[in-house]
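Have a look at model08.txt below; it lists compact mmCIF, C-alpha atoms.
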```txt
# COMPACT_ATOMS: atom_id res chain seq x y z
CA MET A 1 0.00 0.00 0.00
CA VAL A 2 1.33 3.40 -0.93
CA VAL A 3 1.61 5.86 1.94
CA LEU A 4 -0.45 8.95 1.13
CA SER A 5 -1.04 12.03 3.17
CA ALA A 6 -4.17 12.06 5.30
CA ALA A 7 -6.22 14.20 2.90
CA ARG A 8 -5.51 11.87 -0.03
CA TRP A 9 -5.94 8.73 2.12
CA VAL A 10 -9.58 9.60 2.74
CA ARG A 11 -10.27 9.69 -1.00
CA SER A 12 -8.54 6.41 -2.01
CA ARG A 13 -10.86 3.49 -2.75
CA LEU A 14 -10.47 -0.21 -2.03
CA SER A 15 -9.00 -1.99 -5.05
CA ASP A 16 -8.53 -5.62 -3.98
CA ARG A 17 -12.02 -6.28 -2.65
CA PHE A 18 -12.34 -9.24 -5.06
CA TRP A 19 -9.41 -11.13 -3.54
CA ARG A 20 -10.49 -10.41 0.02
CA VAL A 21 -13.90 -11.89 -0.78
CA GLN A 22 -12.38 -14.88 -2.57
CA GLU A 23 -10.24 -15.69 0.50
CA VAL A 24 -13.45 -16.42 2.38
CA LEU A 25 -15.45 -17.96 -0.46
CA LYS A 26 -12.76 -20.53 -1.28
CA TYR A 27 -13.55 -22.28 2.00
CA ALA A 28 -17.27 -22.28 1.25
CA ARG A 29 -17.20 -23.76 -2.25
CA HIS A 30 -18.43 -27.19 -1.20
CA PHE A 31 -21.36 -25.90 0.86
CA ARG A 32 -25.00 -26.32 -0.06
CA GLY A 33 -27.28 -23.51 -1.18
CA ARG A 34 -26.61 -19.79 -1.42
CA LYS A 35 -23.90 -19.82 1.22
CA ASN A 36 -21.40 -21.17 -1.34
CA ARG A 37 -21.92 -18.08 -3.54
CA CYS A 38 -23.05 -15.09 -1.47
CA TYR A 39 -20.36 -13.47 0.67
CA LYS A 40 -22.65 -12.27 3.45
CA LEU A 41 -24.04 -15.75 4.06
CA ALA A 42 -20.69 -17.42 3.44
CA VAL A 43 -18.87 -15.43 6.12
CA ARG A 44 -21.17 -16.74 8.82
CA SER A 45 -21.09 -20.31 7.51
CA VAL A 46 -17.32 -20.42 7.12
CA ARG A 47 -16.76 -19.09 10.63
CA ARG A 48 -19.14 -21.69 12.10
CA ALA A 49 -17.46 -24.41 10.03
CA PHE A 50 -14.03 -23.51 11.43
CA VAL A 51 -15.32 -23.35 15.00
CA LYS A 52 -17.00 -26.74 14.62
CA SER A 53 -13.90 -28.30 13.15
CA THR A 54 -11.80 -27.00 16.06
CA LYS A 55 -14.18 -28.32 18.68
CA ALA A 56 -14.60 -31.64 16.86
CA ARG A 57 -10.94 -32.53 17.33
CA ARG A 58 -11.70 -33.48 20.94
CA GLU A 59 -14.77 -35.47 19.88
CA LYS A 60 -12.79 -37.31 17.20
CA LYS A 61 -10.66 -39.01 19.83
CA ARG A 62 -13.73 -40.25 21.67
CA PHE A 63 -15.42 -41.32 18.45
CA LEU A 64 -12.45 -43.32 17.21
CA ARG A 65 -12.01 -45.05 20.57
CA ALA A 66 -15.68 -46.09 20.51
CA LEU A 67 -15.20 -47.39 16.95
CA TRP A 68 -12.19 -49.46 17.97
CA ILE A 69 -14.07 -50.89 20.95
CA THR A 70 -16.98 -51.89 18.71
CA ARG A 71 -14.66 -53.66 16.31
CA ILE A 72 -12.74 -55.49 19.04
CA GLU A 73 -16.03 -56.54 20.62
CA ALA A 74 -17.27 -57.97 17.31
CA ALA A 75 -14.00 -59.80 16.69
CA SER A 76 -13.76 -61.29 20.18
CA LEU A 77 -17.39 -62.43 20.05
CA GLU A 78 -16.49 -64.40 16.92
CA HIS A 79 -14.01 -66.27 19.10
CA GLY A 80 -16.47 -66.72 21.94
CA LEU A 81 -15.26 -64.00 24.32
CA LYS A 82 -16.99 -60.85 25.45
CA TYR A 83 -15.19 -57.51 25.27
CA PRO A 84 -14.75 -56.86 29.05
CA ALA A 85 -13.40 -60.38 29.57
CA PHE A 86 -11.05 -60.05 26.60
CA ILE A 87 -9.62 -56.67 27.63
CA SER A 88 -9.28 -57.41 31.32
CA ASN A 89 -7.60 -60.79 30.80
CA LEU A 90 -5.25 -59.34 28.20
CA ALA A 91 -4.25 -56.66 30.71
CA LYS A 92 -3.71 -59.26 33.43
CA SER A 93 -1.43 -61.22 31.09
CA GLN A 94 0.67 -58.04 30.71
CA VAL A 95 -0.16 -57.64 27.01
CA GLU A 96 -0.05 -53.85 26.72
CA LEU A 97 -1.73 -53.45 23.33
CA ASN A 98 -4.01 -50.46 22.92
CA ARG A 99 -7.42 -50.58 21.30
CA LYS A 100 -6.23 -49.04 18.04
CA VAL A 101 -3.68 -51.80 17.49
CA LEU A 102 -6.10 -54.52 18.58
CA ALA A 103 -8.69 -53.28 16.09
CA ASP A 104 -6.11 -53.22 13.29
CA LEU A 105 -4.97 -56.74 14.18
CA ALA A 106 -8.56 -57.94 14.17
CA ILE A 107 -8.99 -56.61 10.62
CA TYR A 108 -5.66 -57.37 8.98
CA GLU A 109 -4.17 -60.25 11.04
CA PRO A 110 -7.10 -62.50 12.02
CA LYS A 111 -4.90 -65.41 13.10
CA THR A 112 -2.93 -63.22 15.52
CA PHE A 113 -6.18 -61.96 16.98
CA LYS A 114 -7.40 -65.54 17.36
CA SER A 115 -4.28 -66.40 19.35
CA LEU A 116 -4.75 -63.29 21.52
CA ALA A 117 -8.34 -64.36 22.20
CA ALA A 118 -7.11 -67.84 23.13
CA LEU A 119 -4.56 -66.30 25.50
CA ALA A 120 -7.24 -64.21 27.16
CA GLN A 121 -9.49 -67.25 27.48
CA ARG A 122 -6.73 -69.32 29.07
CA ARG A 123 -5.89 -66.57 31.53
CA ARG A 124 -9.58 -66.32 32.36
CA GLN A 125 -9.77 -70.02 33.16
CA GLU A 126 -6.67 -69.80 35.34
CA GLY A 127 -8.20 -66.85 37.13
CA PHE A 128 -11.34 -68.87 37.87
CA LEU A 129 -9.26 -71.80 39.15
CA ALA A 130 -7.23 -69.54 41.39
CA ALA A 131 -10.36 -67.91 42.79
CA LEU A 132 -12.48 -71.03 43.24
CA GLY A 133 -9.84 -73.72 43.77
CA ASP A 134 -8.30 -71.95 46.80
CA GLY A 135 -5.00 -73.46 47.69
CA LYS A 136 -3.10 -76.65 46.94
CA GLU A 137 -3.11 -76.38 43.09
CA PRO A 138 -0.06 -74.62 41.63
CA GLU A 139 -0.49 -71.19 40.09
CA GLY A 140 -1.37 -71.04 36.42
CA ILE A 141 1.39 -70.61 33.84
CA PHE A 142 -0.10 -67.60 32.12
CA SER A 143 -0.85 -65.88 35.44
CA ARG A 144 2.82 -65.34 36.15
CA ILE A 145 3.89 -61.72 36.16
CA VAL A 146 7.18 -60.53 34.68
CA HIS A 147 8.80 -57.71 36.66
CA HIS A 148 10.92 -55.26 34.67
CA HIS A 149 13.34 -53.40 36.90
CA ARG B 1 22.65 -40.69 -0.73
CA TYR B 2 20.67 -37.46 -0.55
CA VAL B 3 19.29 -36.28 -3.89
CA ARG B 4 18.12 -32.66 -3.82
CA GLN B 5 14.57 -32.49 -5.15
CA LEU B 6 14.92 -28.92 -6.43
CA GLN B 7 15.88 -28.94 -10.09
CA ARG B 8 16.11 -25.29 -11.03
CA LEU B 9 15.41 -21.83 -9.66
CA GLN B 10 14.39 -19.13 -12.13
CA LEU B 11 14.65 -15.51 -11.04
CA LEU B 12 12.24 -13.55 -13.24
CA PHE B 13 12.37 -9.82 -12.63
CA SER B 14 12.61 -6.54 -14.47
CA PRO B 15 15.79 -4.44 -14.08
CA THR B 16 13.87 -1.17 -13.90
CA ALA B 17 10.88 -1.96 -11.66
CA ALA B 18 10.98 -0.47 -8.17
CA ASP B 19 9.76 -3.55 -6.32
CA ALA B 20 12.48 -5.73 -7.88
CA ARG B 21 15.21 -3.90 -5.95
CA GLY B 22 15.70 -6.79 -3.56
CA ALA B 23 15.95 -9.19 -6.50
CA ARG B 24 18.62 -7.02 -8.15
CA GLN B 25 20.61 -6.82 -4.90
CA PHE B 26 20.31 -10.56 -4.49
CA VAL B 27 21.68 -11.11 -8.00
CA GLU B 28 24.57 -8.72 -7.38
CA GLU B 29 25.61 -9.96 -3.95
CA ALA B 30 24.21 -13.29 -2.79
CA ALA B 31 23.34 -15.25 -5.94
CA GLN B 32 26.88 -16.53 -6.52
CA ASP B 33 27.32 -17.67 -2.92
CA PHE B 34 23.92 -19.37 -3.02
CA ALA B 35 24.81 -21.15 -6.27
CA ARG B 36 28.13 -22.31 -4.81
CA GLN B 37 26.50 -23.62 -1.64
CA HIS B 38 23.89 -25.55 -3.64
CA PRO B 39 25.82 -27.12 -6.51
CA ASP B 40 23.01 -29.43 -7.59
CA VAL B 41 20.51 -26.60 -8.17
CA VAL B 42 20.66 -24.64 -11.43
CA LEU B 43 20.04 -20.92 -10.94
CA TYR B 44 18.71 -19.00 -13.95
CA VAL B 45 18.56 -15.21 -13.85
CA SER B 46 16.25 -13.87 -16.56
CA PRO B 47 15.59 -10.12 -16.48
CA HIS B 48 12.79 -9.01 -18.78
CA SER B 49 13.07 -5.36 -19.72
CA GLY B 50 10.22 -2.88 -19.48
CA PRO B 51 7.17 -2.98 -17.23
CA GLY B 52 6.14 -6.60 -16.84
CA PRO B 53 4.65 -8.98 -14.26
CA ALA B 54 5.73 -8.88 -10.64
CA PRO B 55 9.20 -10.26 -9.78
CA VAL B 56 8.91 -13.95 -9.06
CA LEU B 57 11.17 -16.80 -7.94
CA ARG B 58 10.13 -19.95 -9.79
CA ALA B 59 11.19 -23.31 -8.34
CA GLU B 60 10.90 -26.49 -10.40
CA TYR B 61 11.17 -29.88 -8.73
CA LEU B 62 12.09 -33.35 -9.92
CA ASN B 63 8.47 -34.55 -9.78
CA GLY B 64 7.33 -31.72 -12.07
CA THR B 65 5.78 -29.30 -9.56
CA VAL B 66 6.43 -25.64 -10.32
CA ARG B 67 6.20 -23.26 -7.38
CA ASP B 68 6.15 -19.47 -7.84
CA GLU B 69 7.07 -17.19 -4.93
CA LEU B 70 6.59 -13.43 -5.14
CA ILE B 71 9.77 -11.52 -4.26
CA ALA B 72 8.35 -8.01 -4.78
CA SER B 73 9.53 -5.59 -2.08
CA LYS B 74 11.68 -8.17 -0.31
CA THR B 75 15.20 -7.58 0.91
CA SER B 76 18.14 -9.62 -0.32
CA GLU B 77 18.38 -11.58 2.94
CA GLU B 78 14.71 -12.52 2.78
CA ILE B 79 15.18 -13.78 -0.78
CA VAL B 80 18.15 -15.87 0.35
CA GLN B 81 16.05 -17.39 3.14
CA LEU B 82 13.22 -18.06 0.70
CA ALA B 83 15.56 -19.72 -1.76
CA THR B 84 17.09 -21.99 0.92
CA LYS B 85 13.58 -22.93 2.07
CA LEU B 86 12.62 -23.90 -1.48
CA ALA B 87 15.88 -25.79 -1.91
CA ASN B 88 15.20 -27.92 1.18
CA GLN B 89 11.63 -28.78 0.13
CA SER B 90 10.51 -31.66 -2.01
CA GLY B 91 8.01 -31.09 -4.78
CA LEU B 92 5.06 -32.77 -3.01
CA ASP B 93 1.94 -30.57 -2.65
CA ILE B 94 1.65 -28.77 0.65
CA ILE B 95 -1.65 -30.10 1.92
CA ARG B 96 -2.70 -31.80 5.10
CA ILE B 97 -1.48 -35.43 5.13
CA ARG B 98 -4.27 -37.54 6.46
CA LYS B 99 -2.11 -40.30 7.93
CA PRO B 100 1.59 -40.23 8.78
CA PHE B 101 1.92 -43.84 7.62
CA HIS B 102 1.19 -45.82 4.46
CA THR B 103 1.60 -49.46 3.43
CA ASP B 104 1.08 -51.19 0.14
CA ASN B 105 0.65 -54.55 1.92
CA PRO B 106 -1.40 -53.89 5.06
CA SER B 107 -2.28 -57.54 5.63
CA VAL B 108 0.23 -60.37 6.05
CA GLN B 109 -2.16 -63.12 7.17
CA GLY B 110 -4.97 -62.19 4.80
CA GLN B 111 -7.55 -59.51 5.48
CA TRP B 112 -10.61 -60.49 7.50
CA HIS B 113 -13.74 -61.36 5.51
CA PRO B 114 -17.00 -62.72 6.94
CA LEU B 115 -15.93 -66.31 6.26
CA THR B 116 -12.51 -66.28 7.97
CA ASN B 117 -13.67 -67.63 11.31
CA LYS B 118 -16.43 -69.86 10.06
CA PRO B 119 -16.03 -73.65 9.59
CA SER B 120 -14.59 -74.51 6.20
CA ILE B 121 -17.66 -76.61 5.34
CA LEU B 122 -19.26 -73.37 4.19
CA THR B 123 -16.64 -72.63 1.56
CA VAL B 124 -15.31 -75.97 0.37
CA GLN B 125 -17.20 -77.69 -2.42
CA GLY B 126 -16.30 -80.88 -4.11
CA PRO B 127 -17.10 -84.49 -4.79
CA ARG B 128 -15.30 -85.48 -1.56
CA LEU B 129 -18.24 -84.16 0.49
CA GLN B 130 -20.81 -86.43 -1.16
CA PRO B 131 -21.35 -89.68 0.71
CA LYS B 132 -20.39 -92.73 -1.33
```

As structure tokens - that is how I would like this structure written.
Amino acid sequence: MVVLSAARWVRSRLSDRFWRVQEVLKYARHFRGRKNRCYKLAVRSVRRAFVKSTKARREKKRFLRALWITRIEAASLEHGLKYPAFISNLAKSQVELNRKVLADLAIYEPKTFKSLAALAQRRRQEGFLAALGDGKEPEGIFSRIVHHH
Amino acid sequence: RYVRQLQRLQLLFSPTAADARGARQFVEEAAQDFARQHPDVVLYVSPHSGPGPAPVLRAEYLNGTVRDELIASKTSEEIVQLATKLANQSGLDIIRIRKPFHTDNPSVQGQWHPLTNKPSILTVQGPRLQPK
């Protein structure tokens, strides 16, 4: 912008209005209705769209975790285990896999997931024996805990 | 070994325009040092006489992308910084990458389909299954 004296500044007119409007409209091009063409409506819609996308980043984490849990539940039910049993027994066997990885394994490596389900089932049985047997039987093999110091 | 993705840098400016002053200073002072420090980038200086388009630094990459950067009313140091930034980039488009990972073979054991964990009676067909 050229620096003019105050008297001339008052008389100079805006010349790049087109580009200032396009900066906003380019984010509204895929909207529905008049708000993808008319600047006045587009300004409001674009601002709301940005605000929603910022707030949705926190929701996305919750949504994806729920999706993973659904998938793991479906996969473990195919192998005869319910989700709470699967997750708790896997944690007791010190398998520290998170839900994202478990869901990916269930989709792309079904045999690995089957073996993980079998491990959880075995640990579950050993847990029942330890709780109900009470005493003389030796501790289960998969119930042993490895201590990393 | 590292292959620099920047193929050539074209400095298009007019020797008389006022906003190309930084470009002219860059050509006089820093262009030779820049060219010596980046021996695998070709630097073209093409002044077009008379009033023309705005002074621009055009970067062409090995994958064909051409990137124009305006250098109007920029000092020589800023142009040097801009040129080093372009030299360190690759020619991929600067958009949001959806995932930081990619595989061509996502499944080693075979992707799950509804018949993976069902008994094989459902899929196998053949004369062996008929009772003799």

**Item:** Å distance separating atom CA of B:Val66 from atom CA of B:Val42, one decimal place
**Value:**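 Atom CA of B:Val42 lies 14.3 Å from atom CA of B:Val66.
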
**Asked** Can you tell me how far atom CA of A:Val146 sits from atom CA of A:Ala91, in Å to one decimal?
**Response**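 Going from atom CA of A:Val146 over to atom CA of A:Ala91 covers 12.7 Å.
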
**Asked** Looking at only C-alpha atoms, which of A:Ala118, A:Leu129, A:Leu90, A:Ala75 is the one that sits closest to chain B?
**Response** A:Ala75

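Our summary of the geometry notes that atom CA of A:Leu25 is positioned 28.4 Å from atom CA of A:Val10.
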
**chain A contacts on chain B, only C-alpha atoms, 9 Å, as a list in words** = Pro106, Ser107, Val108, Gln109, Gly110, Gln111, Trp112, His113, Thr116, Asn117 and Lys118 of chain B

**Asked** Which residues come within 12 Å of stretch 8-25 of chain B, counting only C-alpha atoms, excluding same-chain residues fewer than 6 positions away, as JSON, numbers by chain?
**Response** {"B": [31, 32, 34, 35, 38, 39, 40, 41, 42, 43, 44, 45, 46, 47, 48, 49, 50, 51, 52, 53, 54, 55, 56, 57, 58, 59, 60, 61, 62, 64, 65, 66, 67, 68, 69, 70, 71, 72, 73, 74, 75, 76, 77, 78, 79, 80, 82, 83, 84, 85, 86, 87, 91]}

Selection to disk with C-alpha atoms, as a PDB file, in the frame of the given file:
```
ATOM      1  CA  ALA B  31      23.340 -15.250  -5.940  1.00  0.00           C
ATOM      2  CA  GLN B  32      26.880 -16.530  -6.520  1.00  0.00           C
ATOM      3  CA  PHE B  34      23.920 -19.370  -3.020  1.00  0.00           C
ATOM      4  CA  ALA B  35      24.810 -21.150  -6.270  1.00  0.00           C
ATOM      5  CA  HIS B  38      23.890 -25.550  -3.640  1.00  0.00           C
ATOM      6  CA  PRO B  39      25.820 -27.120  -6.510  1.00  0.00           C
ATOM      7  CA  ASP B  40      23.010 -29.430  -7.590  1.00  0.00           C
ATOM      8  CA  VAL B  41      20.510 -26.600  -8.170  1.00  0.00           C
ATOM      9  CA  VAL B  42      20.660 -24.640 -11.430  1.00  0.00           C
ATOM     10  CA  LEU B  43      20.040 -20.920 -10.940  1.00  0.00           C
ATOM     11  CA  TYR B  44      18.710 -19.000 -13.950  1.00  0.00           C
ATOM     12  CA  VAL B  45      18.560 -15.210 -13.850  1.00  0.00           C
ATOM     13  CA  SER B  46      16.250 -13.870 -16.560  1.00  0.00           C
ATOM     14  CA  PRO B  47      15.590 -10.120 -16.480  1.00  0.00           C
ATOM     15  CA  HIS B  48      12.790  -9.010 -18.780  1.00  0.00           C
ATOM     16  CA  SER B  49      13.070  -5.360 -19.720  1.00  0.00           C
ATOM     17  CA  GLY B  50      10.220  -2.880 -19.480  1.00  0.00           C
ATOM     18  CA  PRO B  51       7.170  -2.980 -17.230  1.00  0.00           C
ATOM     19  CA  GLY B  52       6.140  -6.600 -16.840  1.00  0.00           C
ATOM     20  CA  PRO B  53       4.650  -8.980 -14.260  1.00  0.00           C
ATOM     21  CA  ALA B  54       5.730  -8.880 -10.640  1.00  0.00           C
ATOM     22  CA  PRO B  55       9.200 -10.260  -9.780  1.00  0.00           C
ATOM     23  CA  VAL B  56       8.910 -13.950  -9.060  1.00  0.00           C
ATOM     24  CA  LEU B  57      11.170 -16.800  -7.940  1.00  0.00           C
ATOM     25  CA  ARG B  58      10.130 -19.950  -9.790  1.00  0.00           C
ATOM     26  CA  ALA B  59      11.190 -23.310  -8.340  1.00  0.00           C
ATOM     27  CA  GLU B  60      10.900 -26.490 -10.400  1.00  0.00           C
ATOM     28  CA  TYR B  61      11.170 -29.880  -8.730  1.00  0.00           C
ATOM     29  CA  LEU B  62      12.090 -33.350  -9.920  1.00  0.00           C
ATOM     30  CA  GLY B  64       7.330 -31.720 -12.070  1.00  0.00           C
ATOM     31  CA  THR B  65       5.780 -29.300  -9.560  1.00  0.00           C
ATOM     32  CA  VAL B  66       6.430 -25.640 -10.320  1.00  0.00           C
ATOM     33  CA  ARG B  67       6.200 -23.260  -7.380  1.00  0.00           C
ATOM     34  CA  ASP B  68       6.150 -19.470  -7.840  1.00  0.00           C
ATOM     35  CA  GLU B  69       7.070 -17.190  -4.930  1.00  0.00           C
ATOM     36  CA  LEU B  70       6.590 -13.430  -5.140  1.00  0.00           C
ATOM     37  CA  ILE B  71       9.770 -11.520  -4.260  1.00  0.00           C
ATOM     38  CA  ALA B  72       8.350  -8.010  -4.780  1.00  0.00           C
ATOM     39  CA  SER B  73       9.530  -5.590  -2.080  1.00  0.00           C
ATOM     40  CA  LYS B  74      11.680  -8.170  -0.310  1.00  0.00           C
ATOM     41  CA  THR B  75      15.200  -7.580   0.910  1.00  0.00           C
ATOM     42  CA  SER B  76      18.140  -9.620  -0.320  1.00  0.00           C
ATOM     43  CA  GLU B  77      18.380 -11.580   2.940  1.00  0.00           C
ATOM     44  CA  GLU B  78      14.710 -12.520   2.780  1.00  0.00           C
ATOM     45  CA  ILE B  79      15.180 -13.780  -0.780  1.00  0.00           C
ATOM     46  CA  VAL B  80      18.150 -15.870   0.350  1.00  0.00           C
ATOM     47  CA  LEU B  82      13.220 -18.060   0.700  1.00  0.00           C
ATOM     48  CA  ALA B  83      15.560 -19.720  -1.760  1.00  0.00           C
ATOM     49  CA  THR B  84      17.090 -21.990   0.920  1.00  0.00           C
ATOM     50  CA  LYS B  85      13.580 -22.930   2.070  1.00  0.00           C
ATOM     51  CA  LEU B  86      12.620 -23.900  -1.480  1.00  0.00           C
ATOM     52  CA  ALA B  87      15.880 -25.790  -1.910  1.00  0.00           C
ATOM     53  CA  GLY B  91       8.010 -31.090  -4.780  1.00  0.00           C
TER      54      GLY B  91
END
```

Tell me, as a PDB file with C-alpha atoms, keeping the file's coordinate frame, which residues lie within 8 Å of A:Ser76, counting only C-alpha atoms; anything in the same chain fewer than 5 positions away does not count.
```pdb
ATOM      1  CA  LEU A  81     -15.260 -64.000  24.320  1.00  0.00           C
ATOM      2  CA  LYS A  82     -16.990 -60.850  25.450  1.00  0.00           C
ATOM      3  CA  TYR A  83     -15.190 -57.510  25.270  1.00  0.00           C
ATOM      4  CA  PHE A  86     -11.050 -60.050  26.600  1.00  0.00           C
ATOM      5  CA  ALA A 117      -8.340 -64.360  22.200  1.00  0.00           C
TER       6      ALA A 117
END
```

**Message:** as an MDAnalysis selection string, please: the residues near stretch 31-47 of chain A (cut-off 12 Å, all atoms listed in the file, same-chain neighbours under 5 positions excluded).
**Reply:** chainID A and resid 17:26 52:54

**Request:** Show me as a VMD selection string the residues that reach within 12 Å of (-6.3, -48.4, 18.4), counting all atoms listed in the file and using the file's own coordinates.
**Result:** chain A and resid 61 to 72 96 to 107

If I wrap all listed atoms of stretch 70-78 of chain B in a box with edges along x, y and z and add 4 Å on each side, what are its centre and edge lengths in Å to one decimal, as AutoDock Vina command-line options?
```
--center_x 12.5 --center_y -9.5 --center_z -1.1 --size_x 19.8 --size_y 15.8 --size_z 16.1
```
